[in-house]
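S.K.: I am sharing query.cif, which consists of mmCIF, C-alpha atoms:
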```cif
data_run
#
loop_
_atom_site.label_atom_id
_atom_site.label_comp_id
_atom_site.auth_asym_id
_atom_site.auth_seq_id
_atom_site.Cartn_x
_atom_site.Cartn_y
_atom_site.Cartn_z
CA MET I 1 0.00 0.00 0.00
CA PHE I 2 1.30 3.45 -0.93
CA SER I 3 0.59 6.52 1.19
CA VAL I 4 1.03 10.28 1.21
CA THR I 5 0.62 12.39 4.32
CA VAL I 6 -0.01 16.13 4.56
CA ARG I 7 0.03 18.16 7.78
CA ASP I 8 -1.72 21.27 9.08
CA HIS I 9 -3.03 22.47 12.41
CA ALA I 10 -6.21 23.75 14.03
CA MET I 11 -6.96 25.67 17.21
CA VAL I 12 -10.29 25.06 18.90
CA ALA I 13 -12.03 25.65 22.19
CA HIS I 14 -14.44 23.14 23.72
CA SER I 15 -15.57 21.49 26.93
CA PHE I 16 -16.63 17.97 27.83
CA ARG I 17 -19.42 16.41 29.83
CA GLY I 18 -18.65 13.51 32.14
CA GLU I 19 -16.55 12.91 35.21
CA VAL I 20 -14.00 10.95 33.16
CA PHE I 21 -12.85 14.28 31.69
CA GLY I 22 -11.97 15.86 35.05
CA PRO I 23 -10.89 19.50 34.61
CA ALA I 24 -11.47 19.30 30.84
CA GLN I 25 -15.17 19.60 31.64
CA ARG I 26 -14.46 23.32 31.79
CA LEU I 27 -13.98 25.32 28.62
CA HIS I 28 -10.40 24.94 27.39
CA GLY I 29 -8.38 25.34 24.22
CA ALA I 30 -6.60 22.77 22.13
CA THR I 31 -4.11 23.17 19.32
CA PHE I 32 -3.99 20.06 17.18
CA VAL I 33 -1.33 19.15 14.67
CA VAL I 34 -3.32 17.26 12.04
CA ASP I 35 -1.91 14.61 9.71
CA ALA I 36 -4.05 13.30 6.85
CA THR I 37 -2.73 10.15 5.20
CA PHE I 38 -4.14 9.05 1.86
CA ARG I 39 -3.66 5.40 0.78
CA ARG I 40 -3.95 3.37 -2.38
CA ALA I 41 -2.72 -0.05 -3.51
CA GLU I 42 -1.26 1.13 -6.83
CA LEU I 43 0.00 4.50 -8.01
CA ASP I 44 -2.08 6.37 -10.56
CA ALA I 45 -1.09 7.06 -14.17
CA ASP I 46 1.19 9.89 -12.96
CA ASN I 47 2.87 7.59 -10.40
CA ILE I 48 1.37 9.41 -7.41
CA VAL I 49 -1.03 8.55 -4.61
CA VAL I 50 -2.72 11.95 -4.69
CA ASP I 51 -1.74 15.47 -5.70
CA ILE I 52 0.02 16.68 -2.55
CA GLY I 53 -0.88 20.29 -3.25
CA LEU I 54 -4.57 19.51 -3.58
CA ALA I 55 -4.47 17.25 -0.50
CA ALA I 56 -2.88 20.02 1.57
CA LYS I 57 -5.35 22.61 0.22
CA GLU I 58 -8.40 20.47 1.00
CA LEU I 59 -7.13 19.60 4.48
CA GLY I 60 -6.85 23.35 5.04
CA VAL I 61 -10.42 23.86 3.81
CA VAL I 62 -11.75 21.19 6.17
CA LEU I 63 -9.77 22.53 9.13
CA GLY I 64 -10.91 26.07 8.30
CA GLU I 65 -14.42 24.96 9.26
CA LEU I 66 -13.15 24.19 12.79
CA ASN I 67 -10.25 26.58 13.33
CA TYR I 68 -10.62 29.39 15.89
CA ARG I 69 -14.06 28.18 16.90
CA ASN I 70 -15.62 27.24 20.18
CA LEU I 71 -16.99 23.86 19.18
CA ASP I 72 -19.54 24.08 22.00
CA ASP I 73 -21.21 26.87 20.00
CA GLU I 74 -21.38 24.94 16.70
CA SER I 75 -24.83 23.39 16.12
CA VAL I 76 -23.34 20.36 14.36
CA PHE I 77 -21.60 19.41 17.64
CA ALA I 78 -24.52 20.13 19.98
CA GLY I 79 -24.57 17.61 22.80
CA ILE I 80 -21.42 15.83 21.56
CA ASN I 81 -18.14 15.44 23.40
CA THR I 82 -15.72 16.61 20.71
CA SER I 83 -12.90 14.37 21.85
CA THR I 84 -9.70 14.08 19.86
CA GLU I 85 -10.87 10.69 18.56
CA TYR I 86 -14.23 12.08 17.52
CA LEU I 87 -12.68 15.07 15.73
CA ALA I 88 -10.31 12.75 13.84
CA LYS I 89 -13.38 10.98 12.45
CA VAL I 90 -15.12 14.25 11.58
CA ILE I 91 -12.08 15.44 9.64
CA ALA I 92 -11.60 12.08 7.88
CA ASP I 93 -15.26 11.98 6.86
CA ARG I 94 -15.16 15.54 5.56
CA LEU I 95 -12.01 14.77 3.57
CA ALA I 96 -13.74 11.67 2.14
CA ASP I 97 -16.59 13.93 1.03
CA ARG I 98 -14.05 16.21 -0.69
CA VAL I 99 -12.52 13.19 -2.46
CA ALA I 100 -15.97 12.05 -3.64
CA ALA I 101 -16.72 15.56 -4.91
CA GLY I 102 -13.55 15.53 -7.03
CA ALA I 103 -11.79 18.29 -5.08
CA LEU I 104 -8.57 16.26 -4.88
CA GLY I 105 -8.61 15.46 -8.60
CA GLU I 106 -10.12 12.64 -10.61
CA GLY I 107 -7.26 10.27 -9.77
CA ALA I 108 -8.07 10.59 -6.07
CA ARG I 109 -11.36 8.78 -6.66
CA GLU I 110 -9.27 5.58 -6.69
CA LEU I 111 -7.92 6.10 -3.17
CA ALA I 112 -8.44 3.14 -0.85
CA GLY I 113 -8.56 4.99 2.44
CA ILE I 114 -7.75 7.96 4.64
CA THR I 115 -6.28 8.09 8.11
CA VAL I 116 -6.47 11.30 10.13
CA THR I 117 -4.28 11.72 13.20
CA LEU I 118 -4.73 14.59 15.66
CA HIS I 119 -1.69 15.24 17.83
CA GLU I 120 -2.81 16.83 21.11
CA SER I 121 0.79 17.15 22.25
CA HIS I 122 4.18 15.59 21.72
CA VAL I 123 3.12 12.63 23.89
CA ALA I 124 -0.53 12.01 22.97
CA TRP I 125 -2.50 11.63 19.76
CA ALA I 126 -5.51 9.83 18.30
CA SER I 127 -6.34 8.56 14.83
CA TYR I 128 -9.31 7.50 12.76
CA GLU I 129 -8.90 5.30 9.70
CA ARG I 130 -11.58 4.81 7.09
CA GLN I 131 -11.98 3.12 3.77
CA LEU I 132 -13.11 4.96 0.67
#
```
Would you mind giving the structure from this file in structure tokens?

M.R.:
Amino acid sequence: MFSVTVRDHAMVAHSFRGEVFGPAQRLHGATFVVDATFRRAELDADNIVVDIGLAAKELGVVLGELNYRNLDDESVFAGINTSTEYLAKVIADRLADRVAAGALGEGARELAGITVTLHESHVAWASYERQL
């Protein structure tokens, strides 16, 4: 399997419900380094997995919908604990939608999967992997 990874970042504010979250139940900020990995079994006719420039651009578009926002105020996240794991899935699903819409080029329609990893810090991160 071949893969290409692009990286960006997003800064959000949010809070959690549930004792398991301890002090994170209060409003707090998070700066995530976000890696999006695109996979396919065989390279396309140009010998690439995906156009890196388009992949980076579309990751930026998806993160722009979250960046500098208090996720508690976003209706799409109402009543949801926007954990790192959950946000990895949201970003992966939105990137998959961009692939399906052709935003990453026609060749990207042959991608096999996407993995999104959100790095909370240098010692903790979470990923979500999905098939396309």

S.K.: What's the separation between atom CA of Ala56 of chain I and atom CA of Met1 of chain I, in Å to one decimal place?

M.R.: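 The value is 20.3 Å.
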
S.K.: Under the rule of at most 10 Å, produce a per-residue listing of segment 72-131 of chain I near segment 14-26 of chain I: chain, number, name, the closest pair of atoms, and the distance in Å, as CSV, using all atoms listed in the file.

M.R.:
```
residue,atom,partner,partner_atom,distance
I:Asp72,CA,I:His14,CA,5.5
I:Asp73,CA,I:His14,CA,8.6
I:Gly79,CA,I:Arg17,CA,8.8
I:Ile80,CA,I:Phe16,CA,8.2
I:Asn81,CA,I:Phe16,CA,5.3
I:Thr82,CA,I:His14,CA,7.3
I:Ser83,CA,I:Phe16,CA,7.9
```

S.K.: Take the residues just selected and output them with C-alpha atoms as a PDB file, in the coordinates of the input.

M.R.:
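The new file out-v5.pdb reads:
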```pdb
ATOM      1  CA  ASP I  72     -19.540  24.080  22.000  1.00  0.00           C
ATOM      2  CA  ASP I  73     -21.210  26.870  20.000  1.00  0.00           C
ATOM      3  CA  GLY I  79     -24.570  17.610  22.800  1.00  0.00           C
ATOM      4  CA  ILE I  80     -21.420  15.830  21.560  1.00  0.00           C
ATOM      5  CA  ASN I  81     -18.140  15.440  23.400  1.00  0.00           C
ATOM      6  CA  THR I  82     -15.720  16.610  20.710  1.00  0.00           C
ATOM      7  CA  SER I  83     -12.900  14.370  21.850  1.00  0.00           C
TER       8      SER I  83
END
```

S.K.: Could you tell me, as a ChimeraX atom specification, exactly which residues end up selected when the PyMOL selection byres ((chain I and resi 91-96) around 7) is applied to this structure?

M.R.: /I:59,62,87-90,97-100,114-116,132

S.K.: Tell me which residues the PyMOL selection byres ((chain I and resi 117) around 9) grabs here, as a PDB file with C-alpha atoms, in the frame of the given file.

M.R.:
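Wrote part-v9.pdb, looks like this:
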```pdb
ATOM      1  CA  VAL I  33      -1.330  19.150  14.670  1.00  0.00           C
ATOM      2  CA  VAL I  34      -3.320  17.260  12.040  1.00  0.00           C
ATOM      3  CA  ASP I  35      -1.910  14.610   9.710  1.00  0.00           C
ATOM      4  CA  ALA I  36      -4.050  13.300   6.850  1.00  0.00           C
ATOM      5  CA  THR I  37      -2.730  10.150   5.200  1.00  0.00           C
ATOM      6  CA  THR I  84      -9.700  14.080  19.860  1.00  0.00           C
ATOM      7  CA  GLU I  85     -10.870  10.690  18.560  1.00  0.00           C
ATOM      8  CA  ALA I  88     -10.310  12.750  13.840  1.00  0.00           C
ATOM      9  CA  THR I 115      -6.280   8.090   8.110  1.00  0.00           C
ATOM     10  CA  VAL I 116      -6.470  11.300  10.130  1.00  0.00           C
ATOM     11  CA  LEU I 118      -4.730  14.590  15.660  1.00  0.00           C
ATOM     12  CA  HIS I 119      -1.690  15.240  17.830  1.00  0.00           C
ATOM     13  CA  TRP I 125      -2.500  11.630  19.760  1.00  0.00           C
ATOM     14  CA  ALA I 126      -5.510   9.830  18.300  1.00  0.00           C
ATOM     15  CA  SER I 127      -6.340   8.560  14.830  1.00  0.00           C
ATOM     16  CA  TYR I 128      -9.310   7.500  12.760  1.00  0.00           C
ATOM     17  CA  GLU I 129      -8.900   5.300   9.700  1.00  0.00           C
TER      18      GLU I 129
END
```

S.K.: Can you work out the spacing between atom CA of Lys57 of chain I and atom CA of His9 of chain I in Å, to one decimal?

M.R.: 12.4 Å

S.K.: Mind pulling up the distance from atom CA of Glu58 of chain I to atom CA of Ala78 of chain I?

M.R.: 24.9 Å

S.K.: Would you kindly identify which residues have an atom no farther than 12 Å from (-1.0, 13.4, -5.7), using only C-alpha atoms and the file's own coordinates, and write them out as a VMD selection string?

M.R.: chain I and resid 2 to 6 37 to 40 43 to 57 99 103 to 111

S.K.: Considering all atoms listed in the file, state which residue in the set I:Asn67, I:Thr31, I:Ser75, I:Gln131 is at the smallest distance from Gly113 of chain I.

M.R.: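 For Gly113 of chain I, the nearest of the given residues is I:Gln131.
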
S.K.: Using all atoms of segment 95-100 of chain I listed in the file and a margin of 5 Å per side, can you give the axis-aligned box centre and edge lengths in Å to one decimal, as JSON?

M.R.:
```
{"center_x": -14.3, "center_y": 13.9, "center_z": 0.0, "size_x": 14.6, "size_y": 14.5, "size_z": 17.2}
```

S.K.: Hey, which of I:Val76, I:Ala112, I:Met11, I:Ala41 ends up closest to Leu63 of chain I? Count only C-alpha atoms.

M.R.: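 Looking at the shortest contact to Leu63 of chain I, the residue is I:Met11.
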